[in-house]
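Below is protein-v9.pdb, holding PDB, C-alpha atoms.
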ATOM      1  CA  MET A   1     -21.749 -42.926  25.112
ATOM      2  CA  MET A   2     -25.095 -43.879  26.672
ATOM      3  CA  ASN A   3     -27.056 -41.328  28.632
ATOM      4  CA  GLU A   4     -28.386 -42.197  32.081
ATOM      5  CA  ALA A   5     -31.784 -43.308  30.747
ATOM      6  CA  GLU A   6     -30.170 -45.650  28.217
ATOM      7  CA  LEU A   7     -27.867 -47.103  30.871
ATOM      8  CA  GLN A   8     -30.844 -47.722  33.124
ATOM      9  CA  LYS A   9     -32.649 -49.446  30.265
ATOM     10  CA  LEU A  10     -29.647 -51.738  29.734
ATOM     11  CA  SER A  11     -29.523 -52.493  33.465
ATOM     12  CA  GLN A  12     -33.211 -53.411  33.400
ATOM     13  CA  ALA A  13     -32.698 -55.671  30.379
ATOM     14  CA  ILE A  14     -29.878 -57.492  32.177
ATOM     15  CA  ALA A  15     -32.030 -57.879  35.304
ATOM     16  CA  ALA A  16     -34.828 -59.381  33.194
ATOM     17  CA  CYS A  17     -32.578 -61.835  31.316
ATOM     18  CA  ARG A  18     -33.604 -65.494  31.574
ATOM     19  CA  VAL A  19     -31.566 -66.949  28.703
ATOM     20  CA  CYS A  20     -29.640 -69.418  30.898
ATOM     21  CA  ARG A  21     -32.962 -70.893  31.975
ATOM     22  CA  ASP A  22     -34.997 -70.602  28.768
ATOM     23  CA  LYS A  23     -32.353 -71.058  26.031
ATOM     24  CA  PRO A  24     -29.198 -72.504  27.632
ATOM     25  CA  ALA A  25     -26.105 -72.331  25.442
ATOM     26  CA  LYS A  26     -25.260 -76.027  25.852
ATOM     27  CA  GLY A  27     -28.792 -77.385  25.466
ATOM     28  CA  GLU A  28     -31.746 -78.231  27.671
ATOM     29  CA  ALA A  29     -29.734 -80.565  29.893
ATOM     30  CA  TYR A  30     -27.772 -77.510  31.062
ATOM     31  CA  ARG A  31     -30.691 -75.262  31.981
ATOM     32  CA  LEU A  32     -30.123 -73.196  35.113
ATOM     33  CA  PRO A  33     -32.004 -75.268  37.707
ATOM     34  CA  HIS A  34     -33.294 -72.287  39.692
ATOM     35  CA  GLU A  35     -34.860 -68.923  38.945
ATOM     36  CA  PRO A  36     -32.192 -66.589  37.537
ATOM     37  CA  ARG A  37     -31.372 -63.429  39.468
ATOM     38  CA  PRO A  38     -28.835 -61.387  37.504
ATOM     39  CA  VAL A  39     -26.608 -59.290  39.757
ATOM     40  CA  ALA A  40     -24.653 -56.422  38.192
ATOM     41  CA  THR A  41     -24.079 -52.733  38.882
ATOM     42  CA  LEU A  42     -23.650 -50.488  35.857
ATOM     43  CA  SER A  43     -22.631 -46.867  36.313
ATOM     44  CA  SER A  44     -22.167 -43.781  34.173
ATOM     45  CA  THR A  45     -19.784 -42.188  36.687
ATOM     46  CA  ALA A  46     -17.733 -44.921  38.404
ATOM     47  CA  ARG A  47     -14.076 -44.926  37.410
ATOM     48  CA  ILE A  48     -13.385 -48.437  38.742
ATOM     49  CA  LEU A  49     -14.913 -51.643  37.398
ATOM     50  CA  ILE A  50     -14.834 -54.800  39.475
ATOM     51  CA  ALA A  51     -14.885 -57.675  36.987
ATOM     52  CA  GLY A  52     -15.669 -60.736  39.074
ATOM     53  CA  GLN A  53     -16.591 -64.333  38.452
ATOM     54  CA  ALA A  54     -20.236 -65.094  39.342
ATOM     55  CA  PRO A  55     -22.513 -64.563  42.347
ATOM     56  CA  GLY A  56     -22.509 -67.147  45.130
ATOM     57  CA  LEU A  57     -25.630 -68.387  46.871
ATOM     58  CA  ARG A  58     -25.675 -65.633  49.484
ATOM     59  CA  VAL A  59     -25.423 -62.963  46.798
ATOM     60  CA  HIS A  60     -28.148 -64.730  44.810
ATOM     61  CA  GLU A  61     -30.424 -64.615  47.845
ATOM     62  CA  SER A  62     -29.771 -60.949  48.641
ATOM     63  CA  GLY A  63     -29.309 -59.532  45.148
ATOM     64  CA  LEU A  64     -26.344 -57.527  46.439
ATOM     65  CA  PRO A  65     -22.960 -58.193  44.790
ATOM     66  CA  PHE A  66     -20.128 -59.386  47.046
ATOM     67  CA  ASN A  67     -22.485 -59.476  50.019
ATOM     68  CA  ASP A  68     -20.561 -62.328  51.619
ATOM     69  CA  ALA A  69     -17.226 -63.230  53.159
ATOM     70  CA  SER A  70     -15.528 -62.837  49.771
ATOM     71  CA  GLY A  71     -16.830 -59.287  49.610
ATOM     72  CA  ASP A  72     -15.550 -58.558  53.111
ATOM     73  CA  ARG A  73     -12.087 -59.661  52.089
ATOM     74  CA  LEU A  74     -12.243 -57.726  48.815
ATOM     75  CA  ARG A  75     -13.207 -54.556  50.663
ATOM     76  CA  GLN A  76     -10.226 -55.104  52.965
ATOM     77  CA  TRP A  77      -7.968 -55.394  49.932
ATOM     78  CA  LEU A  78      -9.417 -52.173  48.505
ATOM     79  CA  ASN A  79      -9.427 -50.458  51.921
ATOM     80  CA  VAL A  80     -13.000 -49.205  51.443
ATOM     81  CA  ASP A  81     -16.103 -49.527  53.608
ATOM     82  CA  ARG A  82     -19.452 -50.946  52.492
ATOM     83  CA  GLU A  83     -20.930 -47.508  51.884
ATOM     84  CA  SER A  84     -18.222 -46.571  49.411
ATOM     85  CA  PHE A  85     -18.142 -50.034  47.843
ATOM     86  CA  TYR A  86     -21.865 -50.014  47.076
ATOM     87  CA  ASN A  87     -21.886 -46.420  45.839
ATOM     88  CA  PRO A  88     -22.283 -46.661  42.040
ATOM     89  CA  ASP A  89     -20.496 -43.332  41.742
ATOM     90  CA  HIS A  90     -17.392 -45.174  42.943
ATOM     91  CA  PHE A  91     -17.615 -48.752  41.633
ATOM     92  CA  ALA A  92     -19.289 -50.577  38.780
ATOM     93  CA  ILE A  93     -19.566 -54.339  39.350
ATOM     94  CA  LEU A  94     -19.837 -56.678  36.380
ATOM     95  CA  PRO A  95     -19.243 -60.398  36.971
ATOM     96  CA  MET A  96     -18.540 -62.707  34.063
ATOM     97  CA  GLY A  97     -21.745 -64.572  34.893
ATOM     98  CA  PHE A  98     -24.597 -62.533  36.304
ATOM     99  CA  CYS A  99     -26.432 -65.397  38.013
ATOM    100  CA  PHE A 100     -25.514 -67.924  40.677
ATOM    101  CA  PRO A 101     -24.509 -70.975  38.568
ATOM    102  CA  GLY A 102     -25.194 -73.627  41.222
ATOM    103  CA  TYR A 103     -22.874 -76.214  42.751
ATOM    104  CA  ASP A 104     -20.897 -79.107  41.312
ATOM    105  CA  ALA A 105     -20.829 -82.583  42.830
ATOM    106  CA  ALA A 106     -18.107 -81.531  45.278
ATOM    107  CA  GLY A 107     -20.141 -78.592  46.562
ATOM    108  CA  SER A 108     -18.068 -75.915  44.846
ATOM    109  CA  ASP A 109     -19.567 -73.136  42.752
ATOM    110  CA  LEU A 110     -19.855 -74.012  39.077
ATOM    111  CA  PRO A 111     -18.095 -71.782  36.521
ATOM    112  CA  PRO A 112     -19.880 -68.652  35.271
ATOM    113  CA  ARG A 113     -22.670 -69.401  32.825
ATOM    114  CA  LYS A 114     -21.611 -69.306  29.185
ATOM    115  CA  GLU A 115     -24.614 -67.249  28.091
ATOM    116  CA  CYS A 116     -23.804 -63.974  29.864
ATOM    117  CA  ALA A 117     -20.565 -62.678  28.371
ATOM    118  CA  PRO A 118     -21.436 -63.129  24.668
ATOM    119  CA  LEU A 119     -24.839 -61.541  25.168
ATOM    120  CA  TRP A 120     -24.121 -58.649  27.495
ATOM    121  CA  ARG A 121     -20.488 -57.954  28.295
ATOM    122  CA  ARG A 122     -19.363 -55.927  25.299
ATOM    123  CA  ARG A 123     -22.543 -53.851  25.399
ATOM    124  CA  ALA A 124     -22.050 -53.158  29.105
ATOM    125  CA  MET A 125     -18.407 -52.210  28.657
ATOM    126  CA  GLU A 126     -19.210 -49.877  25.766
ATOM    127  CA  ALA A 127     -21.844 -48.233  27.955
ATOM    128  CA  MET A 128     -19.190 -47.290  30.549
ATOM    129  CA  PRO A 129     -16.364 -45.559  28.623
ATOM    130  CA  GLN A 130     -15.434 -43.532  31.726
ATOM    131  CA  ILE A 131     -13.916 -46.586  33.450
ATOM    132  CA  GLU A 132     -10.223 -45.988  34.193
ATOM    133  CA  LEU A 133      -9.321 -49.152  36.130
ATOM    134  CA  ILE A 134     -10.577 -52.712  35.717
ATOM    135  CA  LEU A 135      -9.939 -55.129  38.574
ATOM    136  CA  THR A 136     -10.001 -58.568  36.958
ATOM    137  CA  ILE A 137     -10.779 -61.071  39.707
ATOM    138  CA  GLY A 138      -9.948 -64.683  38.867
ATOM    139  CA  GLN A 139      -9.136 -66.498  35.656
ATOM    140  CA  TYR A 140     -12.461 -66.042  33.856
ATOM    141  CA  ALA A 141     -12.387 -62.240  34.039
ATOM    142  CA  GLN A 142      -8.679 -62.211  33.251
ATOM    143  CA  THR A 143      -9.202 -64.362  30.171
ATOM    144  CA  TRP A 144     -11.946 -62.099  28.793
ATOM    145  CA  HIS A 145     -10.350 -58.738  29.556
ATOM    146  CA  MET A 146      -6.689 -59.617  29.023
ATOM    147  CA  GLY A 147      -6.858 -62.163  26.216
ATOM    148  CA  THR A 148      -3.484 -63.423  25.048
ATOM    149  CA  GLU A 149      -1.691 -61.108  27.478
ATOM    150  CA  ARG A 150      -2.843 -63.309  30.341
ATOM    151  CA  MET A 151      -0.239 -65.725  31.698
ATOM    152  CA  ALA A 152      -0.722 -69.503  31.847
ATOM    153  CA  SER A 153      -2.133 -69.447  35.370
ATOM    154  CA  MET A 154      -3.951 -67.001  37.605
ATOM    155  CA  THR A 155      -0.984 -66.810  39.974
ATOM    156  CA  GLU A 156       1.436 -66.005  37.156
ATOM    157  CA  THR A 157      -0.952 -63.362  35.837
ATOM    158  CA  VAL A 158      -1.290 -61.630  39.207
ATOM    159  CA  ALA A 159       2.476 -61.852  39.735
ATOM    160  CA  GLU A 160       2.917 -59.826  36.532
ATOM    161  CA  TRP A 161       0.525 -57.105  37.728
ATOM    162  CA  ARG A 162       2.950 -54.279  37.016
ATOM    163  CA  ARG A 163       3.014 -55.258  33.348
ATOM    164  CA  TYR A 164      -0.718 -54.596  33.090
ATOM    165  CA  LEU A 165      -1.194 -51.699  35.491
ATOM    166  CA  LEU A 166       1.846 -49.510  34.882
ATOM    167  CA  THR A 167       1.340 -48.898  31.178
ATOM    168  CA  ASN A 168      -0.439 -46.367  28.985
ATOM    169  CA  ARG A 169      -3.364 -48.764  28.527
ATOM    170  CA  SER A 170      -6.799 -47.207  28.995
ATOM    171  CA  PRO A 171      -8.490 -48.446  31.013
ATOM    172  CA  ALA A 172      -5.691 -49.890  33.137
ATOM    173  CA  ILE A 173      -6.069 -53.484  34.310
ATOM    174  CA  LEU A 174      -5.030 -54.925  37.650
ATOM    175  CA  PRO A 175      -5.433 -58.713  38.015
ATOM    176  CA  LEU A 176      -6.384 -60.107  41.417
ATOM    177  CA  PRO A 177      -6.992 -63.578  42.847
ATOM    178  CA  HIS A 178     -10.509 -64.437  43.918
ATOM    179  CA  PRO A 179     -11.079 -63.276  47.531
ATOM    180  CA  SER A 180     -12.943 -66.488  48.418
ATOM    181  CA  TRP A 181     -12.216 -68.197  51.739
ATOM    182  CA  ARG A 182     -11.135 -71.166  49.623
ATOM    183  CA  ASN A 183      -8.134 -69.076  48.596
ATOM    184  CA  SER A 184      -7.237 -68.036  52.151
ATOM    185  CA  GLY A 185      -3.826 -69.693  51.933
ATOM    186  CA  TRP A 186      -2.897 -68.029  48.641
ATOM    187  CA  PRO A 187      -1.723 -64.666  50.074
ATOM    188  CA  LYS A 188       0.370 -66.475  52.684
ATOM    189  CA  ARG A 189       2.148 -68.428  49.954
ATOM    190  CA  HIS A 190       2.695 -65.243  47.942
ATOM    191  CA  PRO A 191       3.656 -62.510  50.446
ATOM    192  CA  TRP A 192       4.435 -60.046  47.645
ATOM    193  CA  PHE A 193       0.674 -59.720  47.117
ATOM    194  CA  GLU A 194       0.086 -57.950  50.435
ATOM    195  CA  GLU A 195       3.497 -56.317  50.630
ATOM    196  CA  GLU A 196       3.743 -54.907  47.095
ATOM    197  CA  LEU A 197       0.472 -55.137  45.184
ATOM    198  CA  LEU A 198      -2.108 -54.141  47.816
ATOM    199  CA  PRO A 199      -0.491 -50.787  48.734
ATOM    200  CA  VAL A 200      -0.511 -49.794  45.053
ATOM    201  CA  LEU A 201      -4.090 -51.015  44.636
ATOM    202  CA  GLN A 202      -5.261 -49.047  47.675
ATOM    203  CA  GLU A 203      -3.494 -45.910  46.539
ATOM    204  CA  ARG A 204      -5.056 -46.160  43.069
ATOM    205  CA  VAL A 205      -8.510 -46.788  44.542
ATOM    206  CA  ARG A 206      -8.165 -43.860  46.932
ATOM    207  CA  PHE A 207      -7.302 -41.556  44.021
ATOM    208  CA  LEU A 208     -10.125 -42.781  41.759
ATOM    209  CA  VAL A 209     -12.916 -42.579  44.342
ATOM    210  CA  SER A 210     -11.888 -39.181  45.719
TER     211      SER A 210
END

Could you show the structure in this file as C-alpha cells?
Amino acid sequence: MMNEAELQKLSQAIAACRVCRDKPAKGEAYRLPHEPRPVATLSSTARILIAGQAPGLRVHESGLPFNDASGDRLRQWLNVDRESFYNPDHFAILPMGFCFPGYDAAGSDLPPRKECAPLWRRRAMEAMPQIELILTIGQYAQTWHMGTERMASMTETVAEWRRYLLTNRSPAILPLPHPSWRNSGWPKRHPWFEEELLPVLQERVRFLVS
C-alpha cells in the first residue's frame, strides 16, 4: 500500500502526463489537438471510487471533475452535496480517460483516450486498496472493471446491478448509466433505476461516507 507521499507523487505524475499529445497510441494523426489537462482524484482514505468516462469541455476548463450538469445529476443520484462529493476523504474519482478527448463530427464527446488506462489505471487502483465500492459509469468503465461479467449492453449491465453489488466481491461494483443530459430519457424508460437501484445506492453511499 502506498503512503500519502507516494500517492501524491503518483497524482503529480498523472497531472504531468502528456502521452496523448506527444506519443499518441494510434499515431501522429491521432494526437490530442489541445493541451492535455488530466483530471483525477486519488485518495488514501476514500471508500468509494467513481469510475467515469472522460472529462467534458467544462471540466477540462475548470480542472474539477464532474463540474457540469452531469455532475449535478450524479450528485442527485448519490444524494450528496458538492462539499461531500469533492472531499477526497469520501470519494476518489478516476475516469477511464483523464483528459477531454475533443468532439466528433456530430459534436459529441469522443471516447476516452486509449493511452490512459494501460499506462495509469492499474497503478492507481493498486494505490487505493481501501476502496470498498466502485461506481462504474458507462460502458467504458464497466468493460475495464467488470470484464466478461459485463452484459452485452450498458442497459443490460445496469439492470443486473444486484448481481454485481450483492456479492462477496471486494470491492463491490455498482454499474450506472452516464448522468449526461443526453441520457435524460433513459431513467424514464427504465423506472426501476430510480425506484429500486437509487435507494440502495444512496444507502450504501451514506454508510461509506459516514

> What residues come out when you apply the PyMOL selection byres ((chain A and resi 128) around 12) to this file, written as a ChimeraX atom specification?
Replying inline: /A:1-4,6-8,10-11,41-49,88-89,91-94,121-127,129-134,171

> How many Å lie between CA of Gly71 in chain A and CA of Lys9 in chain A, rounded to one decimal?
Replying inline: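 Computing it gives 26.9 Å between the two atoms.
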
>> Nearest residue to Asn87 in chain A out of A:Val209, A:Pro177, A:Thr157, A:Cys17, using all atoms listed in the file?
In response: A:Val209

> Closest to Arg113 in chain A among A:Ala15, A:Pro55, A:Gln76, A:Leu197, using only C-alpha atoms?
Replying inline: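 Of A:Ala15, A:Pro55, A:Gln76, A:Leu197, the one nearest Arg113 in chain A is A:Pro55, counting only C-alpha atoms.
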
> Which residues match the PyMOL selection byres ((chain A and resi 184-188) around 12) in the file above, as a ChimeraX atom specification?
Replying inline: /A:69-70,73-74,77,154-155,158-159,176-183,189-198

> Which of these, A:Cys99, A:Arg21, A:Ala105, A:Ala51, has the shortest distance to Pro175 in chain A once you count all atoms listed in the file?
Replying inline: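 Among the listed residues, the smallest separation from Pro175 in chain A belongs to A:Ala51.
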
> Just how far from CA of Gln53 in chain A is CA of Lys23 in chain A, in Å to one decimal?
Replying inline: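 CA of Gln53 in chain A lies 21.2 Å from CA of Lys23 in chain A.
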